[in-house]
file query.tsv (TSV, C-alpha atoms)
chain	number	residue	atom	x	y	z
A	1	MET	CA	0.00	0.00	0.00
A	2	ASN	CA	1.26	3.43	-0.96
A	3	GLU	CA	1.58	5.28	2.34
A	4	LEU	CA	1.35	8.71	0.68
A	5	ALA	CA	-2.02	7.77	-0.79
A	6	ILE	CA	-3.35	6.68	2.62
A	7	LYS	CA	-2.03	9.83	4.29
A	8	ASP	CA	-3.65	12.00	1.65
A	9	LEU	CA	-7.00	10.30	2.25
A	10	LEU	CA	-6.67	10.57	6.04
A	11	TYR	CA	-5.86	14.28	5.85
A	12	LYS	CA	-8.91	14.90	3.67
A	13	LEU	CA	-11.18	13.07	6.09
A	14	ALA	CA	-9.68	14.59	9.24
A	15	ASP	CA	-9.48	18.17	7.98
A	16	ASP	CA	-13.09	18.15	6.75
A	17	GLN	CA	-14.27	17.02	10.19
A	18	LEU	CA	-12.11	19.48	12.10
A	19	ILE	CA	-13.09	22.53	10.07
A	20	LEU	CA	-16.80	21.73	9.92
A	21	GLY	CA	-16.66	20.84	13.61
A	22	HIS	CA	-15.28	24.30	14.31
A	23	ARG	CA	-17.92	25.98	12.16
A	24	ASN	CA	-20.66	23.99	13.94
A	25	SER	CA	-19.28	25.13	17.29
A	26	GLU	CA	-19.82	28.74	16.22
A	27	TRP	CA	-23.57	28.07	16.64
A	28	THR	CA	-23.14	27.46	20.37
A	29	GLY	CA	-25.17	30.15	22.08
A	30	PHE	CA	-26.65	31.41	18.81
A	31	GLY	CA	-28.98	28.61	17.63
A	32	PRO	CA	-32.42	29.77	16.46
A	33	ILE	CA	-34.02	27.48	19.08
A	34	LEU	CA	-32.46	25.71	22.04
A	35	GLU	CA	-32.65	22.25	20.42
A	36	GLU	CA	-30.73	23.48	17.38
A	37	ASP	CA	-28.14	25.18	19.54
A	38	ILE	CA	-27.60	21.81	21.26
A	39	ALA	CA	-27.68	19.89	17.97
A	40	PHE	CA	-24.98	21.96	16.24
A	41	SER	CA	-22.89	21.99	19.42
A	42	SER	CA	-23.18	18.20	19.75
A	43	MET	CA	-22.29	17.67	16.11
A	44	ALA	CA	-19.30	19.95	16.62
A	45	GLN	CA	-18.11	17.74	19.47
A	46	ASP	CA	-18.68	14.57	17.43
A	47	LYS	CA	-16.86	15.93	14.39
A	48	ILE	CA	-13.85	17.12	16.34
A	49	GLY	CA	-13.76	13.67	17.97
A	50	HIS	CA	-13.87	12.12	14.50
A	51	SER	CA	-11.01	14.30	13.30
A	52	LEU	CA	-8.99	13.19	16.33
A	53	ALA	CA	-9.54	9.53	15.39
A	54	PHE	CA	-8.12	10.16	11.89
A	55	TYR	CA	-5.26	12.40	13.09
A	56	THR	CA	-4.35	9.57	15.50
A	57	LEU	CA	-4.09	7.17	12.54
A	58	LEU	CA	-1.83	9.73	10.83
A	59	GLN	CA	0.35	9.90	13.92
A	60	GLU	CA	0.69	6.11	13.79
A	61	LEU	CA	1.99	6.58	10.23
A	62	GLY	CA	4.68	8.96	11.44
A	63	GLU	CA	2.97	12.37	11.20
A	64	ALA	CA	3.11	14.84	14.11
A	65	ASP	CA	0.72	14.48	17.07
A	66	PRO	CA	-2.92	15.53	16.56
A	67	ASP	CA	-2.68	18.89	18.39
A	68	THR	CA	0.35	19.95	16.38
A	69	VAL	CA	-1.25	18.89	13.12
A	70	ALA	CA	-4.54	20.60	13.95
A	71	PHE	CA	-3.20	23.86	15.38
A	72	THR	CA	0.07	24.68	13.67
A	73	ARG	CA	-0.55	24.29	9.95
A	74	ASN	CA	-1.40	27.16	7.63
A	75	ALA	CA	-4.42	27.22	5.32
A	76	ASN	CA	-2.43	26.01	2.30
A	77	GLN	CA	-1.52	22.83	4.22
A	78	PHE	CA	-5.15	21.88	4.83
A	79	HIS	CA	-6.91	19.31	2.63
A	80	ASN	CA	-10.52	20.06	3.52
A	81	SER	CA	-13.05	20.87	0.84
A	82	GLN	CA	-13.90	24.56	0.52
A	83	LEU	CA	-17.54	23.74	1.41
A	84	VAL	CA	-16.73	23.22	5.10
A	85	GLU	CA	-14.72	26.42	5.55
A	86	LEU	CA	-17.40	28.82	4.27
A	87	PRO	CA	-18.82	31.05	7.01
A	88	ASN	CA	-21.99	29.79	8.69
A	89	GLY	CA	-24.14	32.52	7.16
A	90	GLU	CA	-27.67	32.31	8.43
A	91	TYR	CA	-29.27	29.11	9.73
A	92	ASP	CA	-30.58	28.14	6.28
A	93	PHE	CA	-27.06	28.07	4.83
A	94	SER	CA	-25.64	26.10	7.77
A	95	LEU	CA	-28.47	23.59	7.48
A	96	ILE	CA	-28.03	23.14	3.72
A	97	ARG	CA	-24.28	22.69	4.08
A	98	HIS	CA	-24.82	20.17	6.91
A	99	PHE	CA	-27.28	18.25	4.70
A	100	LEU	CA	-24.97	18.20	1.67
A	101	TYR	CA	-21.88	17.35	3.69
A	102	ASP	CA	-23.16	14.66	6.05
A	103	ASN	CA	-25.00	12.77	3.33
A	104	ALA	CA	-21.61	12.42	1.58
A	105	GLU	CA	-19.63	11.68	4.73
A	106	ILE	CA	-21.79	8.76	5.75
A	107	ILE	CA	-21.28	7.14	2.34
A	108	ARG	CA	-17.51	7.51	2.69
A	109	PHE	CA	-17.68	5.92	6.15
A	110	GLU	CA	-19.91	3.09	4.91
A	111	MET	CA	-17.44	2.34	2.11
A	112	LEU	CA	-14.38	2.71	4.33
A	113	SER	CA	-15.85	0.37	6.95
A	114	GLN	CA	-15.36	-2.35	4.29
A	115	SER	CA	-11.88	-1.10	3.46
A	116	GLY	CA	-8.99	-3.42	2.77
A	117	TYR	CA	-6.89	-1.07	4.89
A	118	GLU	CA	-7.78	-2.29	8.35
A	119	PRO	CA	-6.96	0.73	10.58
A	120	ILE	CA	-9.33	2.94	8.55
A	121	ALA	CA	-11.99	0.20	8.45
A	122	LYS	CA	-12.07	0.01	12.26
A	123	VAL	CA	-12.44	3.75	12.74
A	124	ALA	CA	-15.03	4.10	9.97
A	125	THR	CA	-17.10	1.22	11.39
A	126	LYS	CA	-17.31	3.10	14.66
A	127	LEU	CA	-17.97	6.55	13.24
A	128	LYS	CA	-20.64	5.67	10.70
A	129	GLY	CA	-23.09	4.91	13.55
A	130	GLU	CA	-22.55	8.38	14.97
A	131	VAL	CA	-22.90	10.16	11.63
A	132	LYS	CA	-26.27	8.44	11.17
A	133	TYR	CA	-27.62	10.84	13.78
A	134	HIS	CA	-26.21	13.82	11.88
A	135	VAL	CA	-27.88	12.63	8.68
A	136	LEU	CA	-31.16	12.01	10.50
A	137	HIS	CA	-31.01	15.55	11.90
A	138	ALA	CA	-30.23	17.16	8.54
A	139	ASN	CA	-32.82	15.20	6.55
A	140	THR	CA	-35.57	15.81	9.13
A	141	TRP	CA	-35.08	19.59	9.07
A	142	ILE	CA	-34.75	19.79	5.29
A	143	LYS	CA	-38.03	17.88	4.93
A	144	ASN	CA	-39.79	19.99	7.59
A	145	LEU	CA	-38.59	23.42	6.50
A	146	GLY	CA	-38.51	22.57	2.79
A	147	THR	CA	-42.29	22.08	2.87
A	148	SER	CA	-43.14	24.96	5.22
A	149	THR	CA	-43.44	28.68	4.53
A	150	GLU	CA	-42.63	30.53	1.33
A	151	GLU	CA	-39.81	32.36	3.07
A	152	ALA	CA	-38.24	29.15	4.43
A	153	ILE	CA	-38.39	27.49	1.02
A	154	LEU	CA	-36.91	30.53	-0.74
A	155	ARG	CA	-34.10	30.83	1.80
A	156	LEU	CA	-33.22	27.13	1.57
A	157	GLN	CA	-33.34	27.21	-2.25
A	158	THR	CA	-31.03	30.24	-2.37
A	159	SER	CA	-28.58	28.57	0.00
A	160	LEU	CA	-28.76	25.30	-1.93
A	161	ASN	CA	-27.91	27.08	-5.19
A	162	GLU	CA	-25.03	28.85	-3.48
A	163	ALA	CA	-23.62	25.73	-1.77
A	164	ILE	CA	-23.90	23.19	-4.61
A	165	PRO	CA	-20.72	24.19	-6.53
A	166	TYR	CA	-18.76	23.90	-3.27
A	167	ALA	CA	-20.47	20.60	-2.41
A	168	LEU	CA	-19.29	19.17	-5.73
A	169	GLY	CA	-15.78	20.21	-4.70
A	170	MET	CA	-15.96	17.60	-1.91
A	171	PHE	CA	-15.51	14.93	-4.56
A	172	GLU	CA	-12.35	16.41	-6.10
A	173	LEU	CA	-10.17	13.47	-7.11
A	174	SER	CA	-6.97	12.70	-5.25
A	175	GLN	CA	-3.76	12.38	-7.23
A	176	TYR	CA	-3.74	8.84	-5.79
A	177	GLU	CA	-7.38	8.09	-6.64
A	178	GLN	CA	-6.74	5.07	-8.87
A	179	GLN	CA	-4.21	3.59	-6.43
A	180	LEU	CA	-6.71	3.80	-3.58
A	181	ILE	CA	-9.36	2.12	-5.71
A	182	ASP	CA	-6.99	-0.58	-7.00
A	183	ALA	CA	-5.76	-1.34	-3.49
A	184	GLY	CA	-9.33	-1.79	-2.24
A	185	VAL	CA	-9.18	1.10	0.22
A	186	TYR	CA	-12.54	2.36	-1.06
A	187	ALA	CA	-14.42	2.80	-4.31
A	188	GLY	CA	-13.27	6.40	-4.80
A	189	GLU	CA	-14.88	9.82	-4.96
A	190	ASP	CA	-16.81	9.33	-8.21
A	191	ALA	CA	-18.60	6.39	-6.60
A	192	VAL	CA	-19.28	8.43	-3.45
A	193	LYS	CA	-20.68	11.27	-5.59
A	194	ALA	CA	-23.03	8.97	-7.55
A	195	GLU	CA	-24.51	7.51	-4.37
A	196	TRP	CA	-24.67	10.95	-2.71
A	197	PHE	CA	-26.67	12.34	-5.62
A	198	LYS	CA	-29.26	9.56	-5.24
A	199	ARG	CA	-29.61	10.11	-1.51
A	200	ILE	CA	-29.91	13.90	-1.54
A	201	GLN	CA	-32.30	13.74	-4.47
A	202	ALA	CA	-34.54	11.32	-2.55
A	203	VAL	CA	-34.83	13.87	0.28
A	204	ILE	CA	-35.17	16.95	-1.95
A	205	GLU	CA	-38.01	15.25	-3.86
A	206	LYS	CA	-40.05	15.23	-0.67
A	207	THR	CA	-39.82	19.03	-0.43
A	208	ASP	CA	-40.66	22.08	-2.52
A	209	LEU	CA	-36.96	22.58	-3.26
A	210	LYS	CA	-35.32	21.93	-6.61
A	211	LEU	CA	-31.93	20.36	-7.05
A	212	PRO	CA	-30.00	22.30	-9.71
A	213	ASP	CA	-28.80	20.28	-12.72
A	214	LEU	CA	-25.41	19.15	-11.47
A	215	ASN	CA	-24.02	18.71	-15.00
A	216	THR	CA	-24.27	22.43	-15.68
A	217	ILE	CA	-22.41	23.45	-12.53
A	218	GLU	CA	-18.71	24.16	-12.33
A	219	PRO	CA	-17.41	22.53	-9.10
A	220	LYS	CA	-15.31	24.68	-6.77
A	221	LEU	CA	-12.12	22.66	-6.72
A	222	GLY	CA	-8.73	23.11	-5.09
A	223	GLY	CA	-9.47	22.47	-1.42
A	224	ARG	CA	-8.00	18.96	-1.50
A	225	TYR	CA	-4.75	20.47	-2.80
A	226	GLY	CA	-4.44	23.32	-0.31
A	227	GLU	CA	-6.24	26.04	-2.30
A	228	HIS	CA	-8.76	27.72	-0.08
A	229	THR	CA	-11.11	30.68	0.12
A	230	GLU	CA	-10.16	33.75	2.16
A	231	HIS	CA	-12.31	32.34	4.99
A	232	LEU	CA	-10.06	29.48	6.11
A	233	GLN	CA	-7.02	31.31	7.49
A	234	PRO	CA	-9.05	33.55	9.88
A	235	LEU	CA	-10.84	30.39	11.12
A	236	LEU	CA	-7.49	28.68	11.78
A	237	ASP	CA	-6.12	31.76	13.54
A	238	GLU	CA	-9.11	31.84	15.85
A	239	MET	CA	-9.08	28.07	16.47
A	240	ALA	CA	-5.38	28.09	17.42
A	241	GLU	CA	-5.39	31.35	19.34
A	242	VAL	CA	-5.28	29.80	22.81
A	243	PHE	CA	-2.99	26.91	21.78
A	244	LYS	CA	-0.43	29.36	20.39
A	245	ILE	CA	-0.17	31.32	23.64
A	246	ASP	CA	1.74	28.35	25.06
A	247	PRO	CA	2.11	25.37	22.71
A	248	THR	CA	3.85	23.28	25.39
A	249	ALA	CA	1.13	23.71	28.03
A	250	GLU	CA	-0.38	20.56	29.56
A	251	TRP	CA	-4.19	20.65	29.35
B	1	MET	CA	-6.35	-11.24	45.70
B	2	ASP	CA	-5.46	-13.54	42.82
B	3	LEU	CA	-4.75	-11.83	39.54
B	4	THR	CA	-7.54	-13.28	37.43
B	5	LYS	CA	-9.66	-11.73	34.73
B	6	GLU	CA	-12.78	-12.15	36.88
B	7	ASN	CA	-11.21	-10.39	39.85
B	8	ILE	CA	-10.03	-7.47	37.74
B	9	LEU	CA	-13.52	-7.09	36.26
B	10	THR	CA	-14.97	-7.10	39.78
B	11	LEU	CA	-12.57	-4.30	40.76
B	12	LEU	CA	-13.52	-2.31	37.70
B	13	GLU	CA	-17.18	-2.41	38.78
B	14	GLU	CA	-16.07	0.41	41.09
B	15	VAL	CA	-15.32	2.71	38.15
B	16	LYS	CA	-18.43	4.63	37.12
B	17	ASP	CA	-19.31	6.73	34.11
B	18	PRO	CA	-18.62	10.26	35.43
B	19	GLU	CA	-21.72	11.61	33.68
B	20	ILE	CA	-23.99	8.71	34.76
B	21	PRO	CA	-22.65	7.80	38.21
B	22	VAL	CA	-24.96	4.76	38.61
B	23	LEU	CA	-23.39	2.98	35.66
B	24	SER	CA	-20.11	1.07	35.91
B	25	LEU	CA	-17.75	0.93	32.95
B	26	VAL	CA	-18.16	-2.85	32.91
B	27	ASP	CA	-21.96	-2.55	32.62
B	28	LEU	CA	-21.57	0.22	30.07
B	29	GLY	CA	-19.64	-2.26	27.92
B	30	VAL	CA	-16.55	-0.14	27.28
B	31	ILE	CA	-14.15	-2.62	28.90
B	32	THR	CA	-13.48	-4.91	25.95
B	33	GLY	CA	-10.82	-7.16	27.38
B	34	VAL	CA	-8.52	-7.95	30.31
B	35	GLU	CA	-5.25	-9.82	29.83
B	36	ILE	CA	-2.82	-10.90	32.52
B	37	SER	CA	0.71	-11.87	31.56
B	38	GLU	CA	2.69	-14.60	33.32
B	39	GLU	CA	4.72	-11.88	35.03
B	40	GLY	CA	1.53	-10.34	36.43
B	41	HIS	CA	1.22	-7.38	34.09
B	42	VAL	CA	-2.44	-6.42	33.68
B	43	THR	CA	-3.62	-5.02	30.35
B	44	VAL	CA	-7.11	-3.52	30.17
B	45	ASN	CA	-8.57	-2.79	26.74
B	46	MET	CA	-11.20	-0.08	26.48
B	47	THR	CA	-13.18	1.54	23.68
B	48	PRO	CA	-15.07	4.87	23.62
B	49	THR	CA	-18.87	5.04	23.49
B	50	PHE	CA	-18.80	8.10	21.22
B	51	ALA	CA	-15.49	9.08	19.57
B	52	GLY	CA	-15.82	12.68	20.77
B	53	CYS	CA	-16.83	11.82	24.34
B	54	PRO	CA	-14.78	14.11	26.59
B	55	ALA	CA	-15.23	11.71	29.54
B	56	MET	CA	-13.21	8.89	27.96
B	57	ASP	CA	-9.83	10.20	28.97
B	58	TYR	CA	-11.12	10.66	32.50
B	59	MET	CA	-12.48	7.09	32.53
B	60	LYS	CA	-9.16	5.72	31.35
B	61	LYS	CA	-7.32	7.51	34.17
B	62	ASP	CA	-9.95	6.30	36.63
B	63	VAL	CA	-9.28	2.70	35.58
B	64	GLU	CA	-5.55	3.27	36.16
B	65	ARG	CA	-6.17	4.83	39.59
B	66	THR	CA	-8.44	1.95	40.61
B	67	LEU	CA	-5.88	-0.69	39.61
B	68	GLU	CA	-3.18	1.13	41.61
B	69	LYS	CA	-5.45	1.53	44.61
B	70	HIS	CA	-5.84	-2.25	44.69
B	71	GLY	CA	-2.11	-2.86	44.59
B	72	ILE	CA	-1.69	-3.62	40.90
B	73	PRO	CA	1.33	-1.50	39.92
B	74	TYR	CA	2.06	-3.14	36.57
B	75	HIS	CA	-0.72	-2.23	34.21
B	76	THR	CA	-1.44	-0.78	30.78
B	77	VAL	CA	-4.80	0.65	29.75
B	78	ILE	CA	-5.31	0.81	26.00
B	79	MET	CA	-8.07	2.79	24.32
B	80	SER	CA	-8.81	1.58	20.78
B	81	PHE	CA	-11.51	0.96	18.18
B	82	ASP	CA	-10.52	-2.72	17.82
B	83	GLN	CA	-13.85	-3.86	19.22
B	84	PRO	CA	-16.02	-0.80	18.66
B	85	TRP	CA	-18.74	-0.04	21.19
B	86	ASP	CA	-22.39	-0.32	20.34
B	87	SER	CA	-25.36	0.08	22.65
B	88	ASN	CA	-26.15	-3.66	22.60
B	89	LYS	CA	-23.04	-4.02	24.77
B	90	LEU	CA	-24.84	-2.44	27.74
B	91	SER	CA	-25.55	-5.15	30.31
B	92	GLU	CA	-29.04	-5.94	31.65
B	93	LYS	CA	-27.95	-4.64	35.04
B	94	GLY	CA	-26.72	-1.45	33.38
B	95	ARG	CA	-30.04	-0.99	31.58
B	96	GLN	CA	-31.93	-1.37	34.86
B	97	HIS	CA	-29.67	1.19	36.54
B	98	LEU	CA	-30.20	3.66	33.70
B	99	LYS	CA	-33.96	3.37	34.00
B	100	GLU	CA	-33.84	3.91	37.76
B	101	PHE	CA	-31.65	6.95	37.11
B	102	GLY	CA	-34.42	8.34	34.85
B	103	LEU	CA	-32.66	7.70	31.54
B	104	ALA	CA	-34.43	5.47	29.02
B	105	PRO	CA	-32.08	2.59	28.15
B	106	PRO	CA	-31.29	2.11	24.44
B	107	PRO	CA	-33.55	-0.47	22.79
B	108	LYS	CA	-31.74	-3.61	21.64
B	109	TYR	CA	-31.60	-4.20	17.91
B	110	ASP	CA	-30.52	-6.91	15.49
B	111	LEU	CA	-27.49	-6.25	13.28
B	112	ILE	CA	-28.56	-2.99	11.65
B	113	LEU	CA	-29.91	-0.07	13.64
B	114	ASP	CA	-32.89	1.70	12.10
B	115	LEU	CA	-33.26	5.10	13.74
B	116	ASP	CA	-37.05	4.90	13.36
B	117	ILE	CA	-36.94	3.20	16.77
B	118	LEU	CA	-36.27	6.66	18.23
B	119	GLU	CA	-39.82	7.74	17.42
B	120	HIS	CA	-41.58	5.90	20.27
B	121	VAL	CA	-39.06	5.29	23.00
B	122	LYS	CA	-40.48	3.85	26.22
B	123	CYS	CA	-40.79	6.53	28.91
B	124	PRO	CA	-38.55	5.64	31.90
B	125	TYR	CA	-41.05	7.19	34.34
B	126	CYS	CA	-44.40	5.66	33.29
B	127	ASP	CA	-43.44	3.00	30.68
B	128	SER	CA	-45.71	4.59	28.06
B	129	GLU	CA	-44.71	4.28	24.41
B	130	ASN	CA	-46.87	7.27	23.48
B	131	THR	CA	-43.76	9.46	23.21
B	132	ASP	CA	-42.16	11.73	20.62
B	133	LEU	CA	-38.55	12.35	19.68
B	134	ARG	CA	-37.79	16.03	20.31
B	135	THR	CA	-34.18	16.01	19.17
B	136	PRO	CA	-31.56	13.33	18.53
B	137	PHE	CA	-29.05	15.43	20.51
B	138	GLY	CA	-29.01	16.14	24.22
B	139	PRO	CA	-26.95	17.32	27.18
B	140	THR	CA	-24.23	14.77	26.40
B	141	LEU	CA	-23.30	13.10	23.09
B	142	CYS	CA	-24.86	9.80	24.17
B	143	ARG	CA	-28.34	11.18	24.93
B	144	SER	CA	-31.38	12.15	22.88
B	145	MET	CA	-34.41	14.09	24.17
B	146	HIS	CA	-38.02	12.90	24.13
B	147	TYR	CA	-41.44	13.93	25.39
B	148	CYS	CA	-43.96	11.60	27.01
B	149	ASN	CA	-47.52	12.41	25.94
B	150	ASP	CA	-48.96	10.43	28.87
B	151	CYS	CA	-47.07	11.66	31.93
B	152	ARG	CA	-46.27	14.90	30.10
B	153	GLN	CA	-42.61	15.07	30.93
B	154	MET	CA	-39.45	15.52	28.96
B	155	PHE	CA	-37.06	12.63	29.36
B	156	GLU	CA	-33.69	11.60	27.99
B	157	GLN	CA	-32.64	8.39	26.36
B	158	PHE	CA	-29.22	6.77	26.19
B	159	LYS	CA	-29.00	6.67	22.40
B	160	PRO	CA	-28.89	3.38	20.53
B	161	LEU	CA	-25.71	3.18	18.44

call {"tool": "encode", "arguments": {"input": "query.tsv", "output": "structure tokens"}}
result
Amino acid sequence: MNELAIKDLLYKLADDQLILGHRNSEWTGFGPILEEDIAFSSMAQDKIGHSLAFYTLLQELGEADPDTVAFTRNANQFHNSQLVELPNGEYDFSLIRHFLYDNAEIIRFEMLSQSGYEPIAKVATKLKGEVKYHVLHANTWIKNLGTSTEEAILRLQTSLNEAIPYALGMFELSQYEQQLIDAGVYAGEDAVKAEWFKRIQAVIEKTDLKLPDLNTIEPKLGGRYGEHTEHLQPLLDEMAEVFKIDPTAEW
Amino acid sequence: MDLTKENILTLLEEVKDPEIPVLSLVDLGVITGVEISEEGHVTVNMTPTFAGCPAMDYMKKDVERTLEKHGIPYHTVIMSFDQPWDSNKLSEKGRQHLKEFGLAPPPKYDLILDLDILEHVKCPYCDSENTDLRTPFGPTLCRSMHYCNDCRQMFEQFKPL
């Protein structure tokens, strides 16, 4: 197994979880209702826990320890998709992003739980059960709000149109894509995307929302190769602010 | 005390979940194995309930403290996903303790968990199944929140996973 290919995959997985986890945590204290405040805060905690599980696998492959990796890299060293770094916007945007992201993440975890690379298979087997709750949460709210008032539907549709090009960027191919597929690590991003499309379409069909024609949309690529929007570096600066006061402190 | 697996597990009954102090780690199902080497080195394998659970590190240290307190200086506690936790691993005794604590125990399931079972969780106060899921998230990662239409109370459930 090509270790660089595995590391690349692990960084993608871990960085997505860490950055979205941080964005979710920004809802703490600001949720539109108490239950949603708790939901986004809980998902933040889950996702940061998930990133830790993948950073730990990276450490076992010789990378630096999870805190160092999480808190000391610059934006151009992160492999997350641009979707997860975008600011929260209003609740409708955060909900749409959560829906588009978690429906893809659970497919990756389902595939990776069958992986020929055992360390990833073990972690993914564990995490897919937790992400089920995130998907349940997202799909329930999309169905409820996507069939409610004119304003709710318009807001969700606007956010969906805005987020879709970034969502397609989640499936940007790795330079090691074929090696990962050939080695039986997982079926690859094109396969994830095909299944994702079916699942999000099945939910959207139960609402008054319309899924844009994905073939006519230019995906926002680059995130997997360290190219990010102007929003990532300020997020990283804020996330690492306390850590950087004293990187050797024992917590 | 003889160093046997059974004796170590009995000792570990003392270690409780810090967020649910009626529940021992053994009943919770997070102790996945105990090995004792010929030289008397005790290895305890543990696995987290939820990967992001902030109590896991505390529980691991608590296991170490308990072993030391009982005069077992040579020990290693390993946290891993080798035998991942699921809610079917909660013991019958643990489920009973949860209910008495006012937390609905997670329903048992076969092989694949369908989250539809969250819709009508049995109320831990009045045993009614006329309940609604309010939110799949709660005060800790392992709890969801429900409302009982019969005794008209909010209650929490230890989530099935």

call {"tool": "residues_around", "arguments": {"input": "query.tsv", "residues": "Glu195 in chain A", "least_positions_apart": "4", "cutoff": "10 Å", "atoms": "all atoms listed in the file", "output": "NGL selection string"}}
result
:A and (103-104 or 107-108 or 189-191 or 199-201)

call {"tool": "atom_distance", "arguments": {"input": "query.tsv", "atom1": "CA of Ile19 in chain A", "atom2": "CA of His228 in chain A"}}
result
12.2 Å

call {"tool": "atom_distance", "arguments": {"input": "query.tsv", "atom1": "CA of Leu113 in chain B", "atom2": "CA of Ala121 in chain A"}}
result
18.7 Å

call {"tool": "interface_residues", "arguments": {"input": "query.tsv", "of": "chain A", "to": "chain B", "cutoff": "9 Å", "atoms": "only C-alpha atoms", "output": "mmCIF file with C-alpha atoms, in the frame of the given file"}}
result
data_model
loop_
_atom_site.group_PDB
_atom_site.id
_atom_site.type_symbol
_atom_site.label_atom_id
_atom_site.label_comp_id
_atom_site.auth_asym_id
_atom_site.auth_seq_id
_atom_site.Cartn_x
_atom_site.Cartn_y
_atom_site.Cartn_z
ATOM 1 C CA GLU A 35 -32.650 22.250 20.420
ATOM 2 C CA GLU A 36 -30.730 23.480 17.380
ATOM 3 C CA ILE A 38 -27.600 21.810 21.260
ATOM 4 C CA ALA A 39 -27.680 19.890 17.970
ATOM 5 C CA PHE A 40 -24.980 21.960 16.240
ATOM 6 C CA SER A 42 -23.180 18.200 19.750
ATOM 7 C CA MET A 43 -22.290 17.670 16.110
ATOM 8 C CA GLN A 45 -18.110 17.740 19.470
ATOM 9 C CA ASP A 46 -18.680 14.570 17.430
ATOM 10 C CA LYS A 47 -16.860 15.930 14.390
ATOM 11 C CA ILE A 48 -13.850 17.120 16.340
ATOM 12 C CA GLY A 49 -13.760 13.670 17.970
ATOM 13 C CA HIS A 50 -13.870 12.120 14.500
ATOM 14 C CA LEU A 52 -8.990 13.190 16.330
ATOM 15 C CA ALA A 53 -9.540 9.530 15.390
ATOM 16 C CA PRO A 119 -6.960 0.730 10.580
ATOM 17 C CA LYS A 122 -12.070 0.010 12.260
ATOM 18 C CA VAL A 123 -12.440 3.750 12.740
ATOM 19 C CA THR A 125 -17.100 1.220 11.390
ATOM 20 C CA LYS A 126 -17.310 3.100 14.660
ATOM 21 C CA LEU A 127 -17.970 6.550 13.240
ATOM 22 C CA GLY A 129 -23.090 4.910 13.550
ATOM 23 C CA GLU A 130 -22.550 8.380 14.970
ATOM 24 C CA LYS A 132 -26.270 8.440 11.170
ATOM 25 C CA TYR A 133 -27.620 10.840 13.780
ATOM 26 C CA HIS A 134 -26.210 13.820 11.880
ATOM 27 C CA LEU A 136 -31.160 12.010 10.500
ATOM 28 C CA HIS A 137 -31.010 15.550 11.900
#

call {"tool": "residues_around", "arguments": {"input": "query.tsv", "residues": "Tyr225 in chain A", "least_positions_apart": "3", "cutoff": "8 Å", "atoms": "only C-alpha atoms", "output": "number ranges by chain"}}
result
A: 76, 78-79, 222

call {"tool": "atom_distance", "arguments": {"input": "query.tsv", "atom1": "CA of Pro247 in chain A", "atom2": "CA of Leu232 in chain A"}}
result
21.0 Å

call {"tool": "closest_residue", "arguments": {"input": "query.tsv", "among": "B:Thr43, B:Gln153, B:Thr66, B:Ser37", "to": "Val15 in chain B", "atoms": "all atoms listed in the file"}}
result
B:Thr66

call {"tool": "residues_around", "arguments": {"input": "query.tsv", "residues": "Val42 in chain B", "least_positions_apart": "3", "cutoff": "7 Å", "atoms": "only C-alpha atoms", "output": "list in words"}}
result
Glu35, Ile36, Ser37, Tyr74, His75 and Thr76 of chain B

call {"tool": "closest_residue", "arguments": {"input": "query.tsv", "among": "B:Leu67, B:Leu90, B:Leu3, B:Cys123", "to": "Val26 in chain B", "atoms": "all atoms listed in the file"}}
result
B:Leu90

call {"tool": "residues_around", "arguments": {"input": "query.tsv", "residues": "range 10-14 of chain B", "least_positions_apart": "2", "cutoff": "9 Å", "atoms": "only C-alpha atoms", "output": "PDB file with C-alpha atoms, keeping the file's coordinate frame"}}
result
ATOM      1  CA  LYS B   5      -9.660 -11.730  34.730  1.00  0.00           C
ATOM      2  CA  GLU B   6     -12.780 -12.150  36.880  1.00  0.00           C
ATOM      3  CA  ASN B   7     -11.210 -10.390  39.850  1.00  0.00           C
ATOM      4  CA  ILE B   8     -10.030  -7.470  37.740  1.00  0.00           C
ATOM      5  CA  LYS B  16     -18.430   4.630  37.120  1.00  0.00           C
ATOM      6  CA  LEU B  23     -23.390   2.980  35.660  1.00  0.00           C
ATOM      7  CA  SER B  24     -20.110   1.070  35.910  1.00  0.00           C
ATOM      8  CA  LEU B  25     -17.750   0.930  32.950  1.00  0.00           C
ATOM      9  CA  VAL B  26     -18.160  -2.850  32.910  1.00  0.00           C
ATOM     10  CA  ASP B  27     -21.960  -2.550  32.620  1.00  0.00           C
ATOM     11  CA  ILE B  31     -14.150  -2.620  28.900  1.00  0.00           C
ATOM     12  CA  VAL B  63      -9.280   2.700  35.580  1.00  0.00           C
ATOM     13  CA  THR B  66      -8.440   1.950  40.610  1.00  0.00           C
ATOM     14  CA  LEU B  67      -5.880  -0.690  39.610  1.00  0.00           C
ATOM     15  CA  HIS B  70      -5.840  -2.250  44.690  1.00  0.00           C
TER      16      HIS B  70
END

call {"tool": "closest_residue", "arguments": {"input": "query.tsv", "among": "B:Ala55, B:Ile117, B:Leu28, B:Val22", "to": "Ser87 in chain B", "atoms": "only C-alpha atoms"}}
result
B:Leu28

call {"tool": "residues_around", "arguments": {"input": "query.tsv", "residues": "Tyr117 in chain A", "least_positions_apart": "5", "cutoff": "9 Å", "atoms": "all atoms listed in the file", "output": "NGL selection string"}}
result
:A and (1 or 6 or 112 or 183-186)

call {"tool": "closest_residue", "arguments": {"input": "query.tsv", "among": "A:Ile33, A:Ala138, A:Ala163, A:Met170", "to": "Asp16 in chain A", "atoms": "all atoms listed in the file"}}
result
A:Met170

call {"tool": "residues_near_point", "arguments": {"input": "query.tsv", "point": "(-20.0, 29.3, 15.0)", "cutoff": "12 Å", "atoms": "all atoms listed in the file", "output": "list of chain:residue names"}}
result
A:Ile19, A:Leu20, A:Gly21, A:His22, A:Arg23, A:Asn24, A:Ser25, A:Glu26, A:Trp27, A:Thr28, A:Gly29, A:Phe30, A:Gly31, A:Asp37, A:Phe40, A:Ser41, A:Met43, A:Ala44, A:Glu85, A:Leu86, A:Pro87, A:Asn88, A:Gly89, A:Glu90, A:Tyr91, A:Ser94, A:Leu235, A:Glu238, A:Met239
